[in-house]
>>> print(open('query.cif').read())   # mmCIF, C-alpha atoms
data_upload
#
loop_
_atom_site.label_atom_id
_atom_site.label_comp_id
_atom_site.auth_asym_id
_atom_site.auth_seq_id
_atom_site.Cartn_x
_atom_site.Cartn_y
_atom_site.Cartn_z
CA MET A 1 -169.30 -34.14 -75.15
CA ALA A 2 -165.93 -35.49 -76.32
CA ALA A 3 -164.39 -32.02 -76.13
CA ALA A 4 -165.73 -31.54 -72.61
CA LEU A 5 -164.38 -34.94 -71.50
CA GLY A 6 -160.89 -34.18 -72.81
CA PRO A 7 -159.39 -32.94 -69.53
CA TRP A 8 -160.13 -36.29 -67.87
CA CYS A 9 -158.95 -38.57 -70.68
CA ASN A 10 -155.68 -40.45 -70.92
CA PRO A 11 -153.83 -39.25 -74.05
CA ASP A 12 -151.63 -42.38 -74.01
CA ALA A 13 -154.66 -44.65 -74.52
CA GLY A 14 -154.80 -44.11 -78.29
CA LEU A 15 -158.29 -44.64 -79.63
CA GLU A 16 -159.43 -45.81 -76.17
CA ILE A 17 -159.00 -42.43 -74.45
CA PHE A 18 -162.45 -42.66 -72.89
CA THR A 19 -161.63 -45.89 -71.03
CA GLY A 20 -161.99 -45.11 -67.36
CA VAL A 21 -164.47 -42.27 -67.87
CA ASP A 22 -167.15 -42.81 -65.24
CA GLU A 23 -170.55 -41.27 -64.51
CA ARG A 24 -169.03 -38.61 -62.23
CA THR A 25 -166.72 -37.50 -65.05
CA VAL A 26 -169.59 -37.36 -67.54
CA LEU A 27 -171.57 -35.19 -65.11
CA ALA A 28 -168.61 -32.83 -64.69
CA ALA A 29 -168.25 -32.59 -68.49
CA GLN A 30 -171.98 -31.96 -68.84
CA HIS A 31 -171.65 -29.12 -66.32
CA LEU A 32 -168.92 -27.54 -68.47
CA ILE A 33 -171.23 -27.72 -71.49
CA GLU A 34 -174.20 -26.25 -69.60
CA ARG A 35 -172.04 -23.34 -68.37
CA GLY A 36 -171.01 -22.59 -71.94
CA ALA A 37 -167.40 -23.39 -71.08
CA VAL A 38 -167.00 -25.71 -74.08
CA SER A 39 -167.42 -24.76 -77.70
CA VAL A 40 -166.65 -26.56 -80.95
CA GLU A 41 -165.96 -24.90 -84.27
CA VAL A 42 -165.67 -26.83 -87.53
CA VAL A 43 -163.37 -25.32 -90.14
CA ALA A 44 -162.14 -26.61 -93.49
CA ALA A 45 -158.59 -27.94 -93.44
CA GLU A 46 -156.99 -27.53 -96.82
CA HIS A 47 -153.68 -29.26 -96.15
CA THR A 48 -154.70 -32.58 -94.58
CA ASN A 49 -157.61 -35.01 -94.30
CA LEU A 50 -157.78 -34.63 -90.54
CA TYR A 51 -156.86 -31.54 -88.54
CA ILE A 52 -158.00 -31.10 -84.94
CA GLU A 53 -156.89 -28.14 -82.85
CA ALA A 54 -158.20 -27.97 -79.30
CA SER A 55 -157.77 -25.10 -76.86
CA VAL A 56 -158.72 -24.66 -73.24
CA ARG A 57 -158.81 -21.51 -71.13
CA PHE A 58 -159.94 -21.31 -67.52
CA THR A 59 -159.41 -19.35 -64.33
CA ARG A 60 -158.06 -20.95 -61.18
CA SER A 61 -157.27 -18.98 -58.03
CA GLY A 62 -157.65 -15.72 -59.95
CA SER A 63 -155.12 -16.75 -62.58
CA VAL A 64 -156.02 -17.44 -66.24
CA ARG A 65 -154.61 -20.75 -67.51
CA GLU A 66 -154.43 -21.80 -71.16
CA GLY A 67 -153.45 -24.87 -73.14
CA SER A 68 -153.81 -26.27 -76.63
CA SER A 69 -153.11 -29.35 -78.70
CA LEU A 70 -152.97 -30.28 -82.38
CA LEU A 71 -153.69 -33.58 -84.13
CA GLU A 72 -153.06 -34.16 -87.84
CA ASP A 73 -153.76 -36.94 -90.34
CA GLU A 74 -154.74 -39.58 -87.73
CA HIS A 75 -156.74 -39.42 -84.50
CA THR A 76 -153.72 -40.66 -82.53
CA ASN A 77 -151.12 -38.42 -84.22
CA LEU A 78 -150.54 -35.74 -81.60
CA ILE A 79 -148.28 -33.09 -83.14
CA LEU A 80 -148.18 -30.25 -80.62
CA VAL A 81 -149.11 -29.49 -76.99
CA GLN A 82 -148.80 -26.06 -75.43
CA SER A 83 -149.39 -25.07 -71.81
CA GLY A 84 -149.34 -21.49 -70.58
CA GLY A 85 -148.08 -20.28 -73.94
CA GLN A 86 -145.08 -22.63 -73.78
CA GLU A 87 -144.52 -25.57 -76.10
CA VAL A 88 -144.31 -28.72 -73.97
CA PHE A 89 -144.45 -31.36 -76.71
CA ARG A 90 -143.80 -31.40 -80.46
CA ARG A 91 -143.55 -34.32 -82.86
CA VAL A 92 -141.63 -33.85 -86.09
CA PRO A 93 -143.90 -35.37 -88.77
CA SER A 94 -142.36 -38.31 -90.60
CA GLY A 95 -140.77 -37.30 -93.86
CA HIS A 96 -139.78 -33.88 -92.51
CA SER A 97 -136.23 -32.83 -91.86
CA PRO A 98 -135.27 -32.56 -88.18
CA THR A 99 -133.95 -29.10 -89.03
CA ALA A 100 -137.56 -28.00 -89.57
CA SER A 101 -137.96 -28.14 -85.79
CA PRO A 102 -135.49 -27.70 -82.94
CA MET A 103 -136.82 -30.95 -81.48
CA GLU A 104 -136.14 -34.37 -82.98
CA GLY A 105 -138.82 -37.06 -82.97
CA SER A 106 -141.28 -37.09 -80.09
CA ARG A 107 -140.24 -35.44 -76.88
CA CYS A 108 -142.08 -34.33 -73.80
CA LEU A 109 -140.79 -31.26 -72.03
CA HIS A 110 -143.19 -31.13 -69.09
CA SER A 111 -143.88 -34.25 -67.04
CA ALA A 112 -147.22 -32.94 -65.71
CA ILE A 113 -148.62 -33.03 -69.25
CA CYS A 114 -147.09 -36.29 -70.57
#
>>> encode(input="query.cif", output="structure tokens")
Amino acid sequence: MAAALGPWCNPDAGLEIFTGVDERTVLAAQHLIERGAVSVEVVAAEHTNLYIEASVRFTRSGSVREGSSLLEDEHTNLILVQSGGQEVFRRVPSGHSPTASPMEGSRCLHSAIC
């Protein structure tokens, strides 16, 4: 259910991302699950204690849309967001050299996502 609710959650709410989720939203998420539009796969992550990669793909007005996000180490540590195959947000993990990424610190590149 959490994966299905993701599109309606506020990513800036930290561990309270489900605040504001109402019955109508839960019903919409349940519909996604019943249609088979949501799937969850558990895989072993060898490099970290917590690794969550989420992807979404849907069709709107005949056009396929895609997006993905990546969390590592902590539930609130968003590392990467992609929309339409384009990187719109990347956080350089602490302890890494800024030269490891063309972006320094946290930066949002697309205001519709952030």
>>> resolve_selection(input="query.cif", expression="the PyMOL selection byres ((chain A and resi 1) around 12)", output="PyMOL selection string")
chain A and resi 2-8+18+21+25-34+37-40
>>> atom_distance(input="query.cif", atom1="CA of Glu41 (chain A)", atom2="CA of Ser69 (chain A)")
14.7 Å
>>> resolve_selection(input="query.cif", expression="the PyMOL selection byres ((chain A and resi 67) around 6)", output="JSON, numbers by chain")
{"A": [55, 56, 66, 68, 82, 83, 84]}
>>> write_last_selection(input="query.cif", atoms="C-alpha atoms", output="mmCIF file, in the coordinates of the input")
data_model
loop_
_atom_site.group_PDB
_atom_site.id
_atom_site.type_symbol
_atom_site.label_atom_id
_atom_site.label_comp_id
_atom_site.auth_asym_id
_atom_site.auth_seq_id
_atom_site.Cartn_x
_atom_site.Cartn_y
_atom_site.Cartn_z
ATOM 1 C CA SER A 55 -157.770 -25.100 -76.860
ATOM 2 C CA VAL A 56 -158.720 -24.660 -73.240
ATOM 3 C CA GLU A 66 -154.430 -21.800 -71.160
ATOM 4 C CA SER A 68 -153.810 -26.270 -76.630
ATOM 5 C CA GLN A 82 -148.800 -26.060 -75.430
ATOM 6 C CA SER A 83 -149.390 -25.070 -71.810
ATOM 7 C CA GLY A 84 -149.340 -21.490 -70.580
#
>>> atom_distance(input="query.cif", atom1="CA of Thr48 (chain A)", atom2="CA of Arg91 (chain A)")
16.3 Å
>>> atom_distance(input="query.cif", atom1="CA of Gly14 (chain A)", atom2="CA of Arg60 (chain A)")
29.0 Å
>>> resolve_selection(input="query.cif", expression="the PyMOL selection byres ((chain A and resi 77) around 10)", output="list of chain:residue names")
A:Gly14, A:Leu50, A:Tyr51, A:Leu70, A:Leu71, A:Glu72, A:Asp73, A:Glu74, A:His75, A:Thr76, A:Leu78, A:Ile79, A:Leu80, A:Arg91, A:Pro93
>>> write_last_selection(input="query.cif", atoms="C-alpha atoms", output="compact mmCIF listing (two decimals), in the coordinates of the input")
# COMPACT_ATOMS: atom_id res chain seq x y z
CA GLY A 14 -154.80 -44.11 -78.29
CA LEU A 50 -157.78 -34.63 -90.54
CA TYR A 51 -156.86 -31.54 -88.54
CA LEU A 70 -152.97 -30.28 -82.38
CA LEU A 71 -153.69 -33.58 -84.13
CA GLU A 72 -153.06 -34.16 -87.84
CA ASP A 73 -153.76 -36.94 -90.34
CA GLU A 74 -154.74 -39.58 -87.73
CA HIS A 75 -156.74 -39.42 -84.50
CA THR A 76 -153.72 -40.66 -82.53
CA LEU A 78 -150.54 -35.74 -81.60
CA ILE A 79 -148.28 -33.09 -83.14
CA LEU A 80 -148.18 -30.25 -80.62
CA ARG A 91 -143.55 -34.32 -82.86
CA PRO A 93 -143.90 -35.37 -88.77
>>> closest_residue(input="query.cif", among="A:Glu53, A:Val64, A:Phe58, A:Arg35", to="Val81 (chain A)", atoms="all atoms listed in the file")
A:Glu53
